[in-house]
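Asks: Mind having a look at this structure? Questions to follow.
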Amino acid sequence: MKTYHKFFRTGLGLFLLAALLLSACSSNEPSVFDTTTSEDTNVSRVPWDYRIVEGTVGDLIGSDMTVLPDNELMPNDGNYATGDKIWSLQYMDAEMTTGANQKTDVRLSSWDTIKTFKTQDEAKKDLANLKVNVTTEVDLVGVYQTKYKDQTRDFAVVELPSGNRIKQPIDDARYKELEKKKKVSVKLEEVHDFADYDSAYAKFRGWAS
């Protein structure tokens, strides 16, 4: 993986996160993963999403440049000229706060540019390495039903490779299918830390057929 140009918060601890080993990659930048723990809460910071946006080079300021339309200041490592069209890889992280009641609140950051490219195809290649869709088998914690008057709702709880448990609504047919299972096949999106590629946050993206 290519080196990225903007530093993010330093963190070494991994809370409810496991290393997902795909193709190894390294960087000299600090990882985004960060965990702080107090008596009643755990706060973790994890990679959440990436995207590609088109922009135009504005003013050249020394070895830096501004990128329009937001006038974001970035290193001009691509030797761009004013007026050049470029594509930026942008990053979003999430702060996850788990309280004593085990409820997790998620707060998303704003988008931040970490790298620029001369072509959209180059940007897409990096994006494909950072957001990876996989189908895998995970632990099924269980299924349950809630009832209110004459209405019933069904749910399944699965544990992802990153260690976090998620609840998903299911229909009656899937409830019966999963009722006695211990494992289930799911679709995941692995969002990798750009500074420590072997660390990733897994996001549920649906049931595998």
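Residue numbering restarts at 1 for every chain of the structure tokens, chains are lettered A, B, ... in their displayed order, and ligands are numbered from 1 as they appear.
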Run DSSP on the backbone and give me the residues of range 81-190 of chain A it puts in strand (DSSP E), as a PyMOL selection string.
Replies: chain A and resi 85-98+104-108+112-117+131-148+151-159+165-170+183-190
Asks: Would you kindly return, as a short mmCIF file (atom, residue, chain, number, x, y, z; two decimals) with all heavy atoms, in the first residue's frame, each protein, DNA or RNA residue with an atom no farther than 7 Å from any atom of range 105-121 of chain A, considering only C-alpha atoms and excluding same-chain residues fewer than 4 positions away?
Replies:
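The file below, around.cif, is the result:
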data_model
loop_
_atom_site.label_atom_id
_atom_site.label_comp_id
_atom_site.auth_asym_id
_atom_site.auth_seq_id
_atom_site.Cartn_x
_atom_site.Cartn_y
_atom_site.Cartn_z
N TYR A 4 0.39 7.24 3.04
CA TYR A 4 -0.59 8.31 3.09
C TYR A 4 0.03 9.52 3.76
O TYR A 4 1.00 9.41 4.50
CB TYR A 4 -1.84 7.85 3.84
CG TYR A 4 -2.58 6.80 3.06
CD1 TYR A 4 -2.28 5.46 3.20
CD2 TYR A 4 -3.56 7.17 2.13
CE1 TYR A 4 -2.93 4.50 2.45
CE2 TYR A 4 -4.21 6.22 1.38
CZ TYR A 4 -3.90 4.90 1.54
OH TYR A 4 -4.55 3.96 0.81
N HIS A 5 -0.60 10.69 3.56
CA HIS A 5 0.09 11.94 3.87
C HIS A 5 -0.48 12.74 5.02
O HIS A 5 -0.02 13.83 5.27
CB HIS A 5 0.08 12.82 2.61
CG HIS A 5 0.72 12.15 1.44
ND1 HIS A 5 2.06 11.88 1.35
CD2 HIS A 5 0.16 11.64 0.31
CE1 HIS A 5 2.31 11.27 0.20
NE2 HIS A 5 1.17 11.10 -0.44
N LYS A 6 -1.46 12.27 5.68
CA LYS A 6 -1.99 13.06 6.79
C LYS A 6 -2.09 12.19 8.03
O LYS A 6 -2.56 11.07 7.96
CB LYS A 6 -3.38 13.62 6.45
CG LYS A 6 -3.91 14.54 7.54
CD LYS A 6 -5.20 15.22 7.14
CE LYS A 6 -4.96 16.27 6.12
NZ LYS A 6 -6.14 17.06 5.82
N ILE A 86 -8.15 16.26 -10.27
CA ILE A 86 -7.57 15.19 -9.46
C ILE A 86 -8.68 14.46 -8.72
O ILE A 86 -9.82 14.94 -8.65
CB ILE A 86 -6.53 15.72 -8.44
CG1 ILE A 86 -7.21 16.70 -7.45
CG2 ILE A 86 -5.35 16.38 -9.14
CD1 ILE A 86 -6.29 17.12 -6.32
N TRP A 87 -8.34 13.30 -8.19
CA TRP A 87 -9.28 12.51 -7.39
C TRP A 87 -8.67 12.30 -6.01
O TRP A 87 -7.49 11.97 -5.88
CB TRP A 87 -9.58 11.18 -8.06
CG TRP A 87 -10.55 11.32 -9.18
CD1 TRP A 87 -11.89 11.05 -9.15
CD2 TRP A 87 -10.28 11.78 -10.50
NE1 TRP A 87 -12.47 11.33 -10.36
CE2 TRP A 87 -11.51 11.78 -11.21
CE3 TRP A 87 -9.13 12.20 -11.16
CZ2 TRP A 87 -11.59 12.16 -12.54
CZ3 TRP A 87 -9.21 12.59 -12.49
CH2 TRP A 87 -10.44 12.58 -13.16
N SER A 88 -9.49 12.55 -4.99
CA SER A 88 -9.02 12.45 -3.61
C SER A 88 -9.65 11.25 -2.91
O SER A 88 -10.84 10.97 -3.09
CB SER A 88 -9.38 13.73 -2.83
OG SER A 88 -8.77 14.86 -3.40
N LEU A 89 -8.84 10.55 -2.12
CA LEU A 89 -9.34 9.48 -1.26
C LEU A 89 -9.63 10.09 0.11
O LEU A 89 -8.73 10.65 0.74
CB LEU A 89 -8.31 8.37 -1.14
CG LEU A 89 -8.68 7.20 -0.22
CD1 LEU A 89 -9.88 6.44 -0.80
CD2 LEU A 89 -7.50 6.27 -0.02
N GLN A 90 -10.88 10.01 0.52
CA GLN A 90 -11.29 10.59 1.80
C GLN A 90 -11.67 9.50 2.79
O GLN A 90 -12.11 8.42 2.40
CB GLN A 90 -12.45 11.56 1.60
CG GLN A 90 -12.08 12.78 0.79
CD GLN A 90 -13.18 13.83 0.79
OE1 GLN A 90 -14.35 13.54 0.98
NE2 GLN A 90 -12.80 15.08 0.53
N TYR A 91 -11.53 9.85 4.05
CA TYR A 91 -11.64 8.87 5.13
C TYR A 91 -12.57 9.38 6.22
O TYR A 91 -12.61 10.57 6.51
CB TYR A 91 -10.24 8.65 5.70
CG TYR A 91 -10.16 7.83 6.96
CD1 TYR A 91 -10.20 6.44 6.89
CD2 TYR A 91 -10.04 8.44 8.20
CE1 TYR A 91 -10.12 5.68 8.04
CE2 TYR A 91 -9.96 7.68 9.34
CZ TYR A 91 -10.00 6.31 9.26
OH TYR A 91 -9.93 5.56 10.39
N MET A 92 -13.32 8.45 6.81
CA MET A 92 -14.17 8.78 7.95
C MET A 92 -13.94 7.73 9.04
O MET A 92 -13.86 6.53 8.75
CB MET A 92 -15.65 8.76 7.54
CG MET A 92 -16.63 8.99 8.69
SD MET A 92 -18.36 8.76 8.17
CE MET A 92 -18.60 10.25 7.18
N ASP A 93 -13.80 8.17 10.29
CA ASP A 93 -13.72 7.21 11.39
C ASP A 93 -14.93 7.35 12.29
O ASP A 93 -15.78 8.22 12.10
CB ASP A 93 -12.40 7.34 12.17
CG ASP A 93 -12.27 8.67 12.91
OD1 ASP A 93 -13.30 9.33 13.15
OD2 ASP A 93 -11.15 9.05 13.26
N ALA A 94 -15.04 6.46 13.26
CA ALA A 94 -16.18 6.45 14.17
C ALA A 94 -15.70 6.31 15.61
O ALA A 94 -14.80 5.52 15.89
CB ALA A 94 -17.13 5.31 13.83
N GLU A 95 -16.30 7.10 16.46
CA GLU A 95 -16.07 6.98 17.91
C GLU A 95 -17.23 6.19 18.50
O GLU A 95 -18.37 6.60 18.42
CB GLU A 95 -15.97 8.36 18.54
CG GLU A 95 -15.66 8.33 20.03
CD GLU A 95 -15.58 9.71 20.62
OE1 GLU A 95 -16.63 10.24 21.02
OE2 GLU A 95 -14.47 10.28 20.67
N MET A 96 -16.92 5.04 19.10
CA MET A 96 -17.95 4.15 19.63
C MET A 96 -17.84 4.14 21.15
O MET A 96 -16.82 3.72 21.71
CB MET A 96 -17.78 2.74 19.06
CG MET A 96 -17.69 2.73 17.54
SD MET A 96 -17.47 1.09 16.82
CE MET A 96 -19.12 0.43 17.06
N THR A 97 -18.89 4.60 21.81
CA THR A 97 -18.90 4.71 23.27
C THR A 97 -19.88 3.70 23.84
O THR A 97 -21.07 3.74 23.53
CB THR A 97 -19.31 6.12 23.72
OG1 THR A 97 -18.41 7.08 23.13
CG2 THR A 97 -19.25 6.25 25.23
N THR A 98 -19.36 2.79 24.65
CA THR A 98 -20.19 1.76 25.27
C THR A 98 -20.30 2.05 26.76
O THR A 98 -19.28 2.12 27.47
CB THR A 98 -19.61 0.36 25.06
OG1 THR A 98 -19.45 0.12 23.67
CG2 THR A 98 -20.53 -0.70 25.64
N LYS A 125 -8.29 1.74 -7.26
CA LYS A 125 -7.43 0.61 -6.86
C LYS A 125 -7.12 0.67 -5.37
O LYS A 125 -7.14 -0.34 -4.67
CB LYS A 125 -6.14 0.62 -7.68
CG LYS A 125 -6.32 0.19 -9.12
CD LYS A 125 -5.00 0.23 -9.88
CE LYS A 125 -5.19 -0.18 -11.34
NZ LYS A 125 -3.92 -0.12 -12.10
#
Asks: Neighbours of Glu72 in chain A within 10 Å (only C-alpha atoms; same-chain residues fewer than 3 positions away dropped), as a list in words?
Replies: Val57, Gly58, Met65, Thr66, Val67, Leu68, Pro69, Asp112 and Thr113 of chain A
Asks: How about saving the chosen residues, N, CA and C atoms kept, as a PDB file, in the first residue's frame?
Replies:
ATOM      1  N   VAL A  57      -7.265  21.342  -8.674  1.00  0.00           N
ATOM      2  CA  VAL A  57      -6.159  22.000  -7.973  1.00  0.00           C
ATOM      3  C   VAL A  57      -6.346  23.504  -8.050  1.00  0.00           C
ATOM      4  N   GLY A  58      -6.253  24.156  -6.891  1.00  0.00           N
ATOM      5  CA  GLY A  58      -6.376  25.612  -6.830  1.00  0.00           C
ATOM      6  C   GLY A  58      -5.010  26.269  -6.748  1.00  0.00           C
ATOM      7  N   MET A  65      -0.743  22.445  -2.000  1.00  0.00           N
ATOM      8  CA  MET A  65      -1.735  22.951  -2.942  1.00  0.00           C
ATOM      9  C   MET A  65      -3.083  23.002  -2.242  1.00  0.00           C
ATOM     10  N   THR A  66      -3.975  23.838  -2.744  1.00  0.00           N
ATOM     11  CA  THR A  66      -5.355  23.793  -2.280  1.00  0.00           C
ATOM     12  C   THR A  66      -6.171  22.980  -3.276  1.00  0.00           C
ATOM     13  N   VAL A  67      -7.172  22.252  -2.744  1.00  0.00           N
ATOM     14  CA  VAL A  67      -8.030  21.419  -3.582  1.00  0.00           C
ATOM     15  C   VAL A  67      -9.441  21.986  -3.521  1.00  0.00           C
ATOM     16  N   LEU A  68      -9.950  22.393  -4.666  1.00  0.00           N
ATOM     17  CA  LEU A  68     -11.288  22.962  -4.767  1.00  0.00           C
ATOM     18  C   LEU A  68     -12.306  21.834  -4.926  1.00  0.00           C
ATOM     19  N   PRO A  69     -13.540  22.025  -4.421  1.00  0.00           N
ATOM     20  CA  PRO A  69     -14.155  23.311  -4.067  1.00  0.00           C
ATOM     21  C   PRO A  69     -13.981  23.746  -2.612  1.00  0.00           C
ATOM     22  N   ASP A 112     -12.201  13.395   5.731  1.00  0.00           N
ATOM     23  CA  ASP A 112     -10.880  14.005   5.715  1.00  0.00           C
ATOM     24  C   ASP A 112     -10.067  13.393   4.580  1.00  0.00           C
ATOM     25  N   THR A 113      -9.421  14.219   3.774  1.00  0.00           N
ATOM     26  CA  THR A 113      -8.642  13.729   2.637  1.00  0.00           C
ATOM     27  C   THR A 113      -7.293  13.207   3.110  1.00  0.00           C
TER      28      THR A 113
END
Asks: Report, in Å to a single decimal, how far apart CA of Arg153 in chain A and CA of Ala202 in chain A are.
Replies: 25.8 Å
Asks: Would you tabulate, counting only C-alpha atoms, all residues of range 42-65 of chain A that have an atom at most 9 Å from an atom of range 190-201 of chain A, showing the closest pair of atoms and their distance in Å to one decimal, sorted by chain then ascending number, as JSON lines?
Replies:
{"residue": "A:Val46", "atom": "CA", "partner": "A:Tyr201", "partner_atom": "CA", "distance": 6.6}
{"residue": "A:Pro47", "atom": "CA", "partner": "A:Asp193", "partner_atom": "CA", "distance": 5.8}
{"residue": "A:Trp48", "atom": "CA", "partner": "A:Val191", "partner_atom": "CA", "distance": 6.3}
{"residue": "A:Asp49", "atom": "CA", "partner": "A:Val191", "partner_atom": "CA", "distance": 6.5}
{"residue": "A:Tyr50", "atom": "CA", "partner": "A:Val191", "partner_atom": "CA", "distance": 8.1}
Asks: Generate a file of the selected residues that holds N, CA, C and O atoms, formatted as an mmCIF file, in the first residue's frame.
Replies:
data_model
loop_
_atom_site.group_PDB
_atom_site.id
_atom_site.type_symbol
_atom_site.label_atom_id
_atom_site.label_comp_id
_atom_site.auth_asym_id
_atom_site.auth_seq_id
_atom_site.Cartn_x
_atom_site.Cartn_y
_atom_site.Cartn_z
ATOM 1 N N VAL A 46 -12.571 3.619 15.457
ATOM 2 C CA VAL A 46 -12.342 2.602 14.437
ATOM 3 C C VAL A 46 -12.505 3.207 13.050
ATOM 4 O O VAL A 46 -13.195 4.212 12.877
ATOM 5 N N PRO A 47 -11.881 2.604 12.022
ATOM 6 C CA PRO A 47 -12.114 3.074 10.649
ATOM 7 C C PRO A 47 -13.541 2.758 10.242
ATOM 8 O O PRO A 47 -14.045 1.669 10.492
ATOM 9 N N TRP A 48 -14.224 3.715 9.599
ATOM 10 C CA TRP A 48 -15.642 3.538 9.289
ATOM 11 C C TRP A 48 -15.932 3.510 7.792
ATOM 12 O O TRP A 48 -16.701 2.694 7.315
ATOM 13 N N ASP A 49 -15.303 4.410 7.029
ATOM 14 C CA ASP A 49 -15.637 4.427 5.600
ATOM 15 C C ASP A 49 -14.582 5.199 4.819
ATOM 16 O O ASP A 49 -13.834 6.012 5.378
ATOM 17 N N TYR A 50 -14.545 4.940 3.498
ATOM 18 C CA TYR A 50 -13.707 5.674 2.559
ATOM 19 C C TYR A 50 -14.551 6.036 1.343
ATOM 20 O O TYR A 50 -15.529 5.358 1.027
#
Asks: Find the distance between CA of Asp139 in chain A and CA of Ser185 in chain A and write it in Å to one decimal.
Replies: 8.9 Å
Asks: Could you check which of A:Arg205, A:Ile61, A:Tyr175, A:Thr152 is closest to Val132 in chain A, using only C-alpha atoms?
Replies: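 Distance minimum relative to Val132 in chain A lands on A:Arg205.
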Asks: I'd like to know which of A:Val138, A:Leu160, A:Val143, A:Ala81 is closest to Glu177 in chain A, using only C-alpha atoms.
Replies: A:Val143
Asks: Please return, as JSON, numbers by chain, all residues of chain A that DSSP assigns to helix (DSSP H, G or I) on the basis of the backbone.
Replies: {"A": [120, 121, 122, 123, 124, 125, 126, 127, 128, 129, 130, 172, 173, 174, 175, 176, 177, 178]}
Asks: What does the file look like for those residues with all heavy atoms, as a tab-separated table (two decimals), in the first residue's frame?
Replies:
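Result file follows (out_27.tsv):
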chain	number	residue	atom	x	y	z
A	120	GLN	N	-8.89	8.57	-11.84
A	120	GLN	CA	-9.91	7.91	-11.04
A	120	GLN	C	-9.60	6.42	-10.87
A	120	GLN	O	-9.87	5.84	-9.81
A	120	GLN	CB	-11.28	8.10	-11.67
A	120	GLN	CG	-12.44	7.63	-10.81
A	120	GLN	CD	-13.78	7.93	-11.45
A	120	GLN	OE1	-13.89	8.03	-12.66
A	120	GLN	NE2	-14.81	8.06	-10.64
A	121	ASP	N	-9.03	5.80	-11.89
A	121	ASP	CA	-8.70	4.38	-11.80
A	121	ASP	C	-7.68	4.12	-10.71
A	121	ASP	O	-7.77	3.12	-9.98
A	121	ASP	CB	-8.16	3.88	-13.15
A	121	ASP	CG	-9.26	3.73	-14.19
A	121	ASP	OD1	-10.45	3.68	-13.79
A	121	ASP	OD2	-8.93	3.66	-15.38
A	122	GLU	N	-6.67	4.99	-10.58
A	122	GLU	CA	-5.68	4.83	-9.51
A	122	GLU	C	-6.35	4.92	-8.14
A	122	GLU	O	-6.03	4.15	-7.23
A	122	GLU	CB	-4.60	5.90	-9.63
A	122	GLU	CG	-3.65	5.73	-10.79
A	122	GLU	CD	-2.64	6.87	-10.86
A	122	GLU	OE1	-3.03	8.04	-10.73
A	122	GLU	OE2	-1.46	6.56	-11.05
A	123	ALA	N	-7.27	5.85	-7.99
A	123	ALA	CA	-7.97	6.03	-6.72
A	123	ALA	C	-8.81	4.80	-6.40
A	123	ALA	O	-8.86	4.34	-5.25
A	123	ALA	CB	-8.84	7.28	-6.78
A	124	LYS	N	-9.48	4.25	-7.42
A	124	LYS	CA	-10.33	3.08	-7.20
A	124	LYS	C	-9.51	1.86	-6.77
A	124	LYS	O	-9.99	1.03	-5.99
A	124	LYS	CB	-11.11	2.76	-8.48
A	124	LYS	CG	-12.26	3.72	-8.75
A	124	LYS	CD	-13.02	3.32	-10.00
A	124	LYS	CE	-14.22	4.23	-10.23
A	124	LYS	NZ	-14.96	3.84	-11.46
A	125	LYS	N	-8.29	1.74	-7.26
A	125	LYS	CA	-7.43	0.61	-6.86
A	125	LYS	C	-7.12	0.67	-5.37
A	125	LYS	O	-7.14	-0.34	-4.67
A	125	LYS	CB	-6.14	0.62	-7.68
A	125	LYS	CG	-6.32	0.19	-9.12
A	125	LYS	CD	-5.00	0.23	-9.88
A	125	LYS	CE	-5.19	-0.18	-11.34
A	125	LYS	NZ	-3.92	-0.12	-12.10
A	126	ASP	N	-6.81	1.85	-4.86
A	126	ASP	CA	-6.55	1.99	-3.42
A	126	ASP	C	-7.82	1.74	-2.62
A	126	ASP	O	-7.79	1.11	-1.56
A	126	ASP	CB	-5.98	3.38	-3.12
A	126	ASP	CG	-4.47	3.36	-3.02
A	126	ASP	OD1	-3.86	2.49	-3.69
A	126	ASP	OD2	-3.90	4.19	-2.29
A	127	LEU	N	-8.93	2.26	-3.11
A	127	LEU	CA	-10.20	2.09	-2.40
A	127	LEU	C	-10.56	0.61	-2.30
A	127	LEU	O	-11.06	0.15	-1.27
A	127	LEU	CB	-11.31	2.85	-3.12
A	127	LEU	CG	-12.69	2.83	-2.46
A	127	LEU	CD1	-12.67	3.55	-1.12
A	127	LEU	CD2	-13.73	3.44	-3.39
A	128	ALA	N	-10.30	-0.15	-3.36
A	128	ALA	CA	-10.62	-1.58	-3.36
A	128	ALA	C	-9.83	-2.35	-2.32
A	128	ALA	O	-10.27	-3.39	-1.82
A	128	ALA	CB	-10.37	-2.17	-4.75
A	129	ASN	N	-8.64	-1.85	-1.96
A	129	ASN	CA	-7.83	-2.50	-0.93
A	129	ASN	C	-8.27	-2.14	0.48
A	129	ASN	O	-8.00	-2.88	1.43
A	129	ASN	CB	-6.35	-2.12	-1.10
A	129	ASN	CG	-5.73	-2.75	-2.33
A	129	ASN	OD1	-6.09	-3.86	-2.71
A	129	ASN	ND2	-4.81	-2.04	-2.96
A	130	LEU	N	-8.94	-1.00	0.62
A	130	LEU	CA	-9.31	-0.51	1.94
A	130	LEU	C	-10.72	-0.92	2.36
A	130	LEU	O	-11.04	-0.99	3.55
A	130	LEU	CB	-9.17	1.02	1.99
A	130	LEU	CG	-7.74	1.53	1.91
A	130	LEU	CD1	-7.72	3.03	1.67
A	130	LEU	CD2	-6.96	1.18	3.17
A	172	ASP	N	-40.11	-14.56	9.71
A	172	ASP	CA	-40.45	-15.81	10.39
A	172	ASP	C	-39.72	-17.00	9.76
A	172	ASP	O	-39.29	-17.92	10.48
A	172	ASP	CB	-41.97	-16.04	10.34
A	172	ASP	CG	-42.73	-15.05	11.21
A	172	ASP	OD1	-42.11	-14.49	12.13
A	172	ASP	OD2	-43.94	-14.85	10.96
A	173	ALA	N	-39.58	-16.98	8.43
A	173	ALA	CA	-38.91	-18.10	7.76
A	173	ALA	C	-37.45	-18.20	8.18
A	173	ALA	O	-36.95	-19.30	8.48
A	173	ALA	CB	-39.02	-17.93	6.25
A	174	ARG	N	-36.76	-17.07	8.25
A	174	ARG	CA	-35.35	-17.10	8.67
A	174	ARG	C	-35.24	-17.43	10.16
A	174	ARG	O	-34.28	-18.07	10.59
A	174	ARG	CB	-34.66	-15.77	8.36
A	174	ARG	CG	-33.14	-15.87	8.47
A	174	ARG	CD	-32.47	-14.57	8.05
A	174	ARG	NE	-32.66	-14.28	6.66
A	174	ARG	CZ	-31.91	-14.80	5.67
A	174	ARG	NH1	-30.96	-15.66	5.96
A	174	ARG	NH2	-32.14	-14.46	4.43
A	175	TYR	N	-36.20	-17.00	10.95
A	175	TYR	CA	-36.19	-17.35	12.37
A	175	TYR	C	-36.19	-18.87	12.54
A	175	TYR	O	-35.41	-19.41	13.32
A	175	TYR	CB	-37.40	-16.73	13.07
A	175	TYR	CG	-37.49	-17.06	14.55
A	175	TYR	CD1	-36.86	-16.24	15.50
A	175	TYR	CD2	-38.18	-18.18	14.99
A	175	TYR	CE1	-36.94	-16.53	16.85
A	175	TYR	CE2	-38.26	-18.48	16.34
A	175	TYR	CZ	-37.64	-17.66	17.26
A	175	TYR	OH	-37.71	-17.95	18.60
A	176	LYS	N	-37.05	-19.55	11.81
A	176	LYS	CA	-37.13	-21.00	11.91
A	176	LYS	C	-35.85	-21.66	11.39
A	176	LYS	O	-35.39	-22.67	11.91
A	176	LYS	CB	-38.35	-21.52	11.15
A	176	LYS	CG	-39.68	-21.11	11.79
A	176	LYS	CD	-40.86	-21.61	10.96
A	176	LYS	CE	-42.18	-21.19	11.60
A	176	LYS	NZ	-43.36	-21.64	10.79
A	177	GLU	N	-35.28	-21.06	10.33
A	177	GLU	CA	-34.05	-21.59	9.74
A	177	GLU	C	-32.88	-21.49	10.71
A	177	GLU	O	-32.02	-22.39	10.78
A	177	GLU	CB	-33.74	-20.82	8.45
A	177	GLU	CG	-32.43	-21.22	7.79
A	177	GLU	CD	-32.06	-20.28	6.66
A	177	GLU	OE1	-32.92	-19.48	6.24
A	177	GLU	OE2	-30.90	-20.33	6.22
A	178	LEU	N	-32.81	-20.38	11.47
A	178	LEU	CA	-31.65	-20.13	12.33
A	178	LEU	C	-31.84	-20.60	13.76
A	178	LEU	O	-30.89	-20.60	14.54
A	178	LEU	CB	-31.34	-18.62	12.35
A	178	LEU	CG	-31.05	-17.95	11.01
A	178	LEU	CD1	-30.74	-16.47	11.24
A	178	LEU	CD2	-29.88	-18.63	10.30
Asks: Ranking A:Pro169, A:Gly62, A:Gly83, A:Gly99 by minimum distance to Tyr144 in chain A and counting only C-alpha atoms, which one comes first?
Replies: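 Among A:Pro169, A:Gly62, A:Gly83, A:Gly99, it is A:Pro169 that comes nearest to Tyr144 in chain A.
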Asks: What is the distance between CA of Val134 in chain A and CA of Gly206 in chain A, in Å to one decimal?
Replies: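 It comes out at 10.8 Å.
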